[in-house]
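Trainee: Contents of input-v6.pdb (PDB, C-alpha atoms and all ligand atoms) are given next:
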```pdb
MODEL        1
ATOM      1  CA  MET Q   1      41.489  -3.374 -70.197  1.00  0.00           C
ATOM      2  CA  THR Q   2      39.086  -0.853 -71.661  1.00  0.00           C
ATOM      3  CA  LYS Q   3      35.916   0.061 -69.859  1.00  0.00           C
ATOM      4  CA  LEU Q   4      33.298   1.848 -71.945  1.00  0.00           C
ATOM      5  CA  CYS Q   5      30.243   3.697 -70.676  1.00  0.00           C
ATOM      6  CA  PHE Q   6      27.532   4.549 -73.209  1.00  0.00           C
ATOM      7  CA  ILE Q   7      25.717   7.405 -71.519  1.00  0.00           C
ATOM      8  CA  ASP Q   8      22.711   9.561 -72.169  1.00  0.00           C
ATOM      9  CA  THR Q   9      20.703  11.925 -70.001  1.00  0.00           C
ATOM     10  CA  GLU Q  10      17.406  13.724 -70.232  1.00  0.00           C
ATOM     11  CA  THR Q  11      17.437  17.128 -68.613  1.00  0.00           C
ATOM     12  CA  THR Q  12      15.106  19.942 -67.626  1.00  0.00           C
ATOM     13  CA  GLY Q  13      16.450  22.217 -70.355  1.00  0.00           C
ATOM     14  CA  LEU Q  14      19.406  23.224 -72.480  1.00  0.00           C
ATOM     15  CA  ASP Q  15      20.981  26.032 -70.442  1.00  0.00           C
ATOM     16  CA  ARG Q  16      24.078  24.493 -68.869  1.00  0.00           C
ATOM     17  CA  ARG Q  17      23.812  26.590 -65.687  1.00  0.00           C
ATOM     18  CA  ARG Q  18      20.185  25.745 -65.043  1.00  0.00           C
ATOM     19  CA  ARG Q  19      19.505  22.322 -66.502  1.00  0.00           C
ATOM     20  CA  ARG Q  20      19.207  19.329 -64.211  1.00  0.00           C
ATOM     21  CA  ILE Q  21      19.322  15.641 -65.085  1.00  0.00           C
ATOM     22  CA  TRP Q  22      16.111  13.746 -64.328  1.00  0.00           C
ATOM     23  CA  ASP Q  23      16.710  10.595 -66.438  1.00  0.00           C
ATOM     24  CA  PHE Q  24      20.178   8.998 -66.571  1.00  0.00           C
ATOM     25  CA  ALA Q  25      21.259   5.862 -68.397  1.00  0.00           C
ATOM     26  CA  CYS Q  26      24.641   4.182 -68.591  1.00  0.00           C
ATOM     27  CA  ILE Q  27      25.484   0.963 -70.388  1.00  0.00           C
ATOM     28  CA  VAL Q  28      28.739  -0.411 -69.018  1.00  0.00           C
ATOM     29  CA  ARG Q  29      30.913  -2.573 -71.243  1.00  0.00           C
ATOM     30  CA  GLU Q  30      33.943  -4.309 -69.769  1.00  0.00           C
ATOM     31  CA  GLU Q  31      36.157  -6.623 -71.706  1.00  0.00           C
ATOM     32  CA  GLY Q  32      34.921 -10.181 -71.882  1.00  0.00           C
ATOM     33  CA  GLN Q  33      31.610  -9.384 -70.181  1.00  0.00           C
ATOM     34  CA  ALA Q  34      28.078  -8.774 -71.385  1.00  0.00           C
ATOM     35  CA  ASP Q  35      26.910  -5.151 -71.462  1.00  0.00           C
ATOM     36  CA  VAL Q  36      25.132  -4.089 -68.261  1.00  0.00           C
ATOM     37  CA  GLU Q  37      22.396  -1.461 -68.444  1.00  0.00           C
ATOM     38  CA  HIS Q  38      21.684   1.028 -65.648  1.00  0.00           C
ATOM     39  CA  GLN Q  39      18.922   3.605 -65.648  1.00  0.00           C
ATOM     40  CA  PHE Q  40      17.951   6.007 -62.865  1.00  0.00           C
ATOM     41  CA  PHE Q  41      15.381   8.705 -62.404  1.00  0.00           C
ATOM     42  CA  ILE Q  42      16.820  11.526 -60.332  1.00  0.00           C
ATOM     43  CA  GLU Q  43      14.813  13.776 -58.039  1.00  0.00           C
ATOM     44  CA  VAL Q  44      14.743  17.192 -59.574  1.00  0.00           C
ATOM     45  CA  SER Q  45      13.413  20.689 -58.960  1.00  0.00           C
ATOM     46  CA  LEU Q  46      11.433  22.164 -61.829  1.00  0.00           C
ATOM     47  CA  ARG Q  47      11.997  25.736 -60.650  1.00  0.00           C
ATOM     48  CA  ASN Q  48      14.244  26.608 -63.608  1.00  0.00           C
ATOM     49  CA  ALA Q  49      12.930  23.980 -66.000  1.00  0.00           C
ATOM     50  CA  ASP Q  50      12.296  24.741 -69.654  1.00  0.00           C
ATOM     51  CA  PRO Q  51       8.895  23.312 -70.709  1.00  0.00           C
ATOM     52  CA  PHE Q  52      10.260  22.617 -74.194  1.00  0.00           C
ATOM     53  CA  GLY Q  53      13.136  20.602 -72.740  1.00  0.00           C
ATOM     54  CA  LEU Q  54      10.794  18.647 -70.483  1.00  0.00           C
ATOM     55  CA  ASN Q  55       8.537  17.789 -73.404  1.00  0.00           C
ATOM     56  CA  ILE Q  56      11.417  16.487 -75.543  1.00  0.00           C
ATOM     57  CA  GLY Q  57      12.102  13.735 -73.021  1.00  0.00           C
ATOM     58  CA  HIS Q  58       8.387  13.123 -72.276  1.00  0.00           C
ATOM     59  CA  PHE Q  59       8.938  14.138 -68.664  1.00  0.00           C
ATOM     60  CA  TRP Q  60       5.255  14.325 -67.764  1.00  0.00           C
ATOM     61  CA  GLU Q  61       4.544  10.851 -69.102  1.00  0.00           C
ATOM     62  CA  ARG Q  62       7.624   9.091 -67.749  1.00  0.00           C
ATOM     63  CA  TYR Q  63       8.891  10.735 -64.575  1.00  0.00           C
ATOM     64  CA  PRO Q  64       7.862   8.653 -61.573  1.00  0.00           C
ATOM     65  CA  GLY Q  65       8.345  11.492 -59.120  1.00  0.00           C
ATOM     66  CA  TRP Q  66      10.683   9.788 -56.734  1.00  0.00           C
ATOM     67  CA  GLN Q  67      14.380   9.597 -56.190  1.00  0.00           C
ATOM     68  CA  VAL Q  68      16.353   6.493 -57.046  1.00  0.00           C
ATOM     69  CA  ALA Q  69      19.851   7.600 -57.903  1.00  0.00           C
ATOM     70  CA  GLY Q  70      22.449   8.654 -55.431  1.00  0.00           C
ATOM     71  CA  HIS Q  71      25.748  10.104 -56.484  1.00  0.00           C
ATOM     72  CA  ASP Q  72      27.608   6.883 -57.004  1.00  0.00           C
ATOM     73  CA  THR Q  73      30.602   7.440 -59.268  1.00  0.00           C
ATOM     74  CA  SER Q  74      31.710   3.802 -59.451  1.00  0.00           C
ATOM     75  CA  LEU Q  75      29.792   3.100 -62.665  1.00  0.00           C
ATOM     76  CA  THR Q  76      31.912   5.520 -64.630  1.00  0.00           C
ATOM     77  CA  THR Q  77      35.190   5.302 -62.735  1.00  0.00           C
ATOM     78  CA  GLY Q  78      38.057   4.928 -65.168  1.00  0.00           C
ATOM     79  CA  ALA Q  79      35.655   4.560 -68.092  1.00  0.00           C
ATOM     80  CA  THR Q  80      35.801   6.031 -71.546  1.00  0.00           C
ATOM     81  CA  TRP Q  81      32.594   7.969 -72.036  1.00  0.00           C
ATOM     82  CA  VAL Q  82      30.755   7.358 -75.301  1.00  0.00           C
ATOM     83  CA  GLY Q  83      27.742   9.401 -76.328  1.00  0.00           C
ATOM     84  CA  ALA Q  84      26.082  11.572 -78.929  1.00  0.00           C
ATOM     85  CA  VAL Q  85      27.269  15.106 -78.149  1.00  0.00           C
ATOM     86  CA  PRO Q  86      28.682  13.718 -74.893  1.00  0.00           C
ATOM     87  CA  SER Q  87      29.815  17.140 -73.695  1.00  0.00           C
ATOM     88  CA  PHE Q  88      26.146  17.980 -73.027  1.00  0.00           C
ATOM     89  CA  ASP Q  89      25.656  14.974 -70.762  1.00  0.00           C
ATOM     90  CA  GLU Q  90      29.091  15.269 -69.171  1.00  0.00           C
ATOM     91  CA  GLU Q  91      28.552  18.916 -68.179  1.00  0.00           C
ATOM     92  CA  SER Q  92      25.258  17.996 -66.550  1.00  0.00           C
ATOM     93  CA  CYS Q  93      26.731  14.994 -64.735  1.00  0.00           C
ATOM     94  CA  GLU Q  94      29.749  16.960 -63.584  1.00  0.00           C
ATOM     95  CA  ALA Q  95      27.496  19.686 -62.193  1.00  0.00           C
ATOM     96  CA  LEU Q  96      25.335  17.084 -60.452  1.00  0.00           C
ATOM     97  CA  LEU Q  97      28.390  15.558 -58.793  1.00  0.00           C
ATOM     98  CA  HIS Q  98      29.874  18.896 -57.812  1.00  0.00           C
ATOM     99  CA  ARG Q  99      26.624  19.948 -56.134  1.00  0.00           C
ATOM    100  CA  ALA Q 100      26.941  16.760 -54.063  1.00  0.00           C
ATOM    101  CA  GLY Q 101      30.595  17.448 -53.234  1.00  0.00           C
ATOM    102  CA  ARG Q 102      31.777  14.640 -55.502  1.00  0.00           C
ATOM    103  CA  PHE Q 103      34.127  14.586 -58.459  1.00  0.00           C
ATOM    104  CA  PRO Q 104      34.015  12.832 -61.807  1.00  0.00           C
ATOM    105  CA  ARG Q 105      36.420   9.947 -62.216  1.00  0.00           C
ATOM    106  CA  TRP Q 106      35.911   9.071 -65.870  1.00  0.00           C
ATOM    107  CA  ASP Q 107      38.551   9.473 -68.555  1.00  0.00           C
ATOM    108  CA  TYR Q 108      38.527  13.039 -69.855  1.00  0.00           C
ATOM    109  CA  HIS Q 109      38.647  11.901 -73.494  1.00  0.00           C
ATOM    110  CA  LEU Q 110      35.008  11.908 -74.546  1.00  0.00           C
ATOM    111  CA  VAL Q 111      34.006   9.852 -77.577  1.00  0.00           C
ATOM    112  CA  ASP Q 112      31.373  11.595 -79.684  1.00  0.00           C
ATOM    113  CA  VAL Q 113      30.197   8.582 -81.624  1.00  0.00           C
ATOM    114  CA  GLU Q 114      27.796  10.670 -83.706  1.00  0.00           C
ATOM    115  CA  THR Q 115      30.636  12.796 -85.087  1.00  0.00           C
ATOM    116  CA  ALA Q 116      32.774   9.743 -85.802  1.00  0.00           C
ATOM    117  CA  ALA Q 117      29.865   8.015 -87.534  1.00  0.00           C
ATOM    118  CA  ALA Q 118      28.968  11.084 -89.601  1.00  0.00           C
ATOM    119  CA  ALA Q 119      32.559  11.534 -90.735  1.00  0.00           C
ATOM    120  CA  LEU Q 120      32.877   7.901 -91.749  1.00  0.00           C
ATOM    121  CA  ALA Q 121      29.580   8.039 -93.668  1.00  0.00           C
ATOM    122  CA  GLY Q 122      30.549  11.285 -95.436  1.00  0.00           C
ATOM    123  CA  ILE Q 123      27.780  13.308 -93.784  1.00  0.00           C
ATOM    124  CA  SER Q 124      28.721  16.982 -93.382  1.00  0.00           C
ATOM    125  CA  PRO Q 125      27.600  19.158 -90.464  1.00  0.00           C
ATOM    126  CA  PRO Q 126      25.097  20.169 -89.368  1.00  0.00           C
ATOM    127  CA  TRP Q 127      23.427  16.765 -89.199  1.00  0.00           C
ATOM    128  CA  LYS Q 128      20.458  15.248 -87.469  1.00  0.00           C
ATOM    129  CA  ASN Q 129      20.955  12.260 -85.202  1.00  0.00           C
ATOM    130  CA  ASP Q 130      18.282  10.370 -87.166  1.00  0.00           C
ATOM    131  CA  VAL Q 131      20.169  10.844 -90.428  1.00  0.00           C
ATOM    132  CA  VAL Q 132      23.410   9.506 -88.961  1.00  0.00           C
ATOM    133  CA  ASN Q 133      21.631   6.521 -87.389  1.00  0.00           C
ATOM    134  CA  LEU Q 134      19.897   5.788 -90.681  1.00  0.00           C
ATOM    135  CA  ALA Q 135      23.248   5.657 -92.487  1.00  0.00           C
ATOM    136  CA  TYR Q 136      24.094   2.679 -90.249  1.00  0.00           C
ATOM    137  CA  ASN Q 137      20.597   1.171 -90.357  1.00  0.00           C
ATOM    138  CA  ILE Q 138      20.065   1.892 -86.657  1.00  0.00           C
ATOM    139  CA  GLN Q 139      16.385   2.193 -85.803  1.00  0.00           C
ATOM    140  CA  VAL Q 140      15.102   3.674 -82.561  1.00  0.00           C
ATOM    141  CA  ALA Q 141      11.500   2.858 -81.651  1.00  0.00           C
ATOM    142  CA  PRO Q 142       9.397   6.019 -81.225  1.00  0.00           C
ATOM    143  CA  GLU Q 143       8.719   5.201 -77.552  1.00  0.00           C
ATOM    144  CA  ASP Q 144      12.481   4.889 -76.905  1.00  0.00           C
ATOM    145  CA  ARG Q 145      13.490   8.150 -78.597  1.00  0.00           C
ATOM    146  CA  HIS Q 146      14.578  10.824 -76.140  1.00  0.00           C
ATOM    147  CA  THR Q 147      14.683   8.402 -73.249  1.00  0.00           C
ATOM    148  CA  ALA Q 148      18.105   8.137 -71.648  1.00  0.00           C
ATOM    149  CA  LEU Q 149      18.237   4.355 -72.018  1.00  0.00           C
ATOM    150  CA  GLY Q 150      16.893   4.334 -75.576  1.00  0.00           C
ATOM    151  CA  ASP Q 151      19.428   6.946 -76.632  1.00  0.00           C
ATOM    152  CA  ALA Q 152      22.273   5.179 -74.777  1.00  0.00           C
ATOM    153  CA  ARG Q 153      21.411   1.949 -76.615  1.00  0.00           C
ATOM    154  CA  ALA Q 154      21.448   3.805 -79.937  1.00  0.00           C
ATOM    155  CA  CYS Q 155      24.892   5.214 -79.058  1.00  0.00           C
ATOM    156  CA  ARG Q 156      26.112   1.732 -78.229  1.00  0.00           C
ATOM    157  CA  ASP Q 157      24.795   0.356 -81.528  1.00  0.00           C
ATOM    158  CA  LEU Q 158      26.344   3.233 -83.461  1.00  0.00           C
ATOM    159  CA  TYR Q 159      29.666   2.699 -81.691  1.00  0.00           C
ATOM    160  CA  ASP Q 160      29.602  -0.986 -82.602  1.00  0.00           C
ATOM    161  CA  ALA Q 161      28.834  -0.117 -86.230  1.00  0.00           C
ATOM    162  CA  VAL Q 162      31.716   2.363 -86.424  1.00  0.00           C
ATOM    163  CA  PHE Q 163      34.459   0.820 -84.312  1.00  0.00           C
ATOM    164  CA  LYS Q 164      34.013  -2.917 -84.495  1.00  0.00           C
ATOM    165  CA  PRO Q 165      36.189  -4.607 -87.114  1.00  0.00           C
TER     166      PRO Q 165
HETATM  167 MG    MG Q 201      18.581  11.586 -74.867  1.00  0.00          MG
ENDMDL
END
```
Please, can you express the file's structure as structure tokens?
Mentor:
Amino acid sequence: MTKLCFIDTETTGLDRRRRRIWDFACIVREEGQADVEHQFFIEVSLRNADPFGLNIGHFWERYPGWQVAGHDTSLTTGATWVGAVPSFDEESCEALLHRAGRFPRWDYHLVDVETAAAALAGISPPWKNDVVNLAYNIQVAPEDRHTALGDARACRDLYDAVFKP
């Protein structure tokens, strides 16, 4: 039985050594069951934050300033990770877990749905996420863009467009 996790994160910047996740979303799909959405804000230090990175995800408008997420790995255990440039999110999640003395337990094959979708639509790199989504008629509301859950939903919709028969 395949377990899929459509994951997106918003972080404090782009530098892999310094960025921290503050907004995490994971949509879990297990065979025969409805998709289940999870979204957490994670307590974060802004000491090394990049103001540009914070603005992309609308940190100042959306961050509630309190901690909700722990370091529970059960959501992604044994799952195939699906995302748009999933290596970015995976690196950040892996670092988050390692700082907490935990280890990732997802399948190491990451599915970059954006690359698969671009290839199938004949779009050559470099591409913009919007252009790839548009090729599959996937619309993301402006208020959902660059939110972890909004982006995770877009990944899920793109995956369904590409991989469903
Ligand atoms: Mg995002």
Trainee: Taking all atoms listed in the file into account, which residues are within 9 Å of ligand MG 201 (chain Q), as a VMD selection string?
Mentor: chain Q and resid 7 to 11 23 to 24 56 to 57 84 89 145 to 152
Trainee: For Leu120 in chain Q, which of Q:Glu90, Q:Phe163, Q:Thr2, Q:Val85 is the closest residue, counting only C-alpha atoms?
Mentor: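 Among the listed residues, the smallest separation from Leu120 in chain Q belongs to Q:Phe163.
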Trainee: Using only C-alpha atoms, can you tell me which of Q:Arg17, Q:Lys164, Q:His98, Q:Arg29 comes closest to Thr80 in chain Q?
Mentor: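 The shortest atom-to-atom distance to Thr80 in chain Q comes from Q:Arg29.
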Trainee: I'd like the residues picked by the PyMOL selection byres (((chain Q and resi 111) around 7) and not hetatm) written out as a PyMOL selection string, using the chain letters and numbers from the file.
Mentor: chain Q and resi 81-83+109-110+112-113
Trainee: Could you list, as a count of residues only, every residue matched by the PyMOL selection byres (((chain Q and resi 1) around 10) and not hetatm) in this structure?
Mentor: 6
Trainee: Between CA of Gly13 in chain Q and CA of Glu43 in chain Q, what is the distance, to one decimal in Å?
Mentor: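 Separating CA of Gly13 in chain Q from CA of Glu43 in chain Q is a distance of 15.0 Å.
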Trainee: Grab the CA of Leu96 in chain Q to CA of Cys5 in chain Q distance for me, in Å with one decimal place.
Mentor: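 That distance, rounded to one decimal, is 17.5 Å.
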Trainee: With the file shown as input, list the residues that the PyMOL selection byres (((chain Q and resi 50) around 12) and not hetatm) selects, as number ranges by chain.
Mentor: Q: 11-16, 18-20, 45-49, 51-57, 59
Trainee: Could you check which of Q:Trp106, Q:Asp160, Q:Pro142, Q:Arg153 is closest to Phe6 in chain Q, using only C-alpha atoms?
Mentor: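 When distances to Phe6 in chain Q are compared using only C-alpha atoms, the smallest one comes from Q:Arg153.
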Trainee: Which one is closest to Ile138 in chain Q: Q:Ile27, Q:Ala121, Q:Leu75, Q:Ala161? Count all atoms listed in the file.
Mentor: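 Of all the options, Q:Ala161 lies closest to Ile138 in chain Q.
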Trainee: Which residue, Q:Cys26, Q:Tyr63, Q:Ala117, Q:Asp157, has the smallest gap to Phe41 in chain Q when you use all atoms listed in the file?
Mentor: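 So, comparing all the options, the nearest one is Q:Tyr63.
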Trainee: Do you have the CA of Phe103 in chain Q-CA of Thr73 in chain Q distance handy?
Mentor: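 Going from CA of Phe103 in chain Q over to CA of Thr73 in chain Q, I get 8.0 Å.
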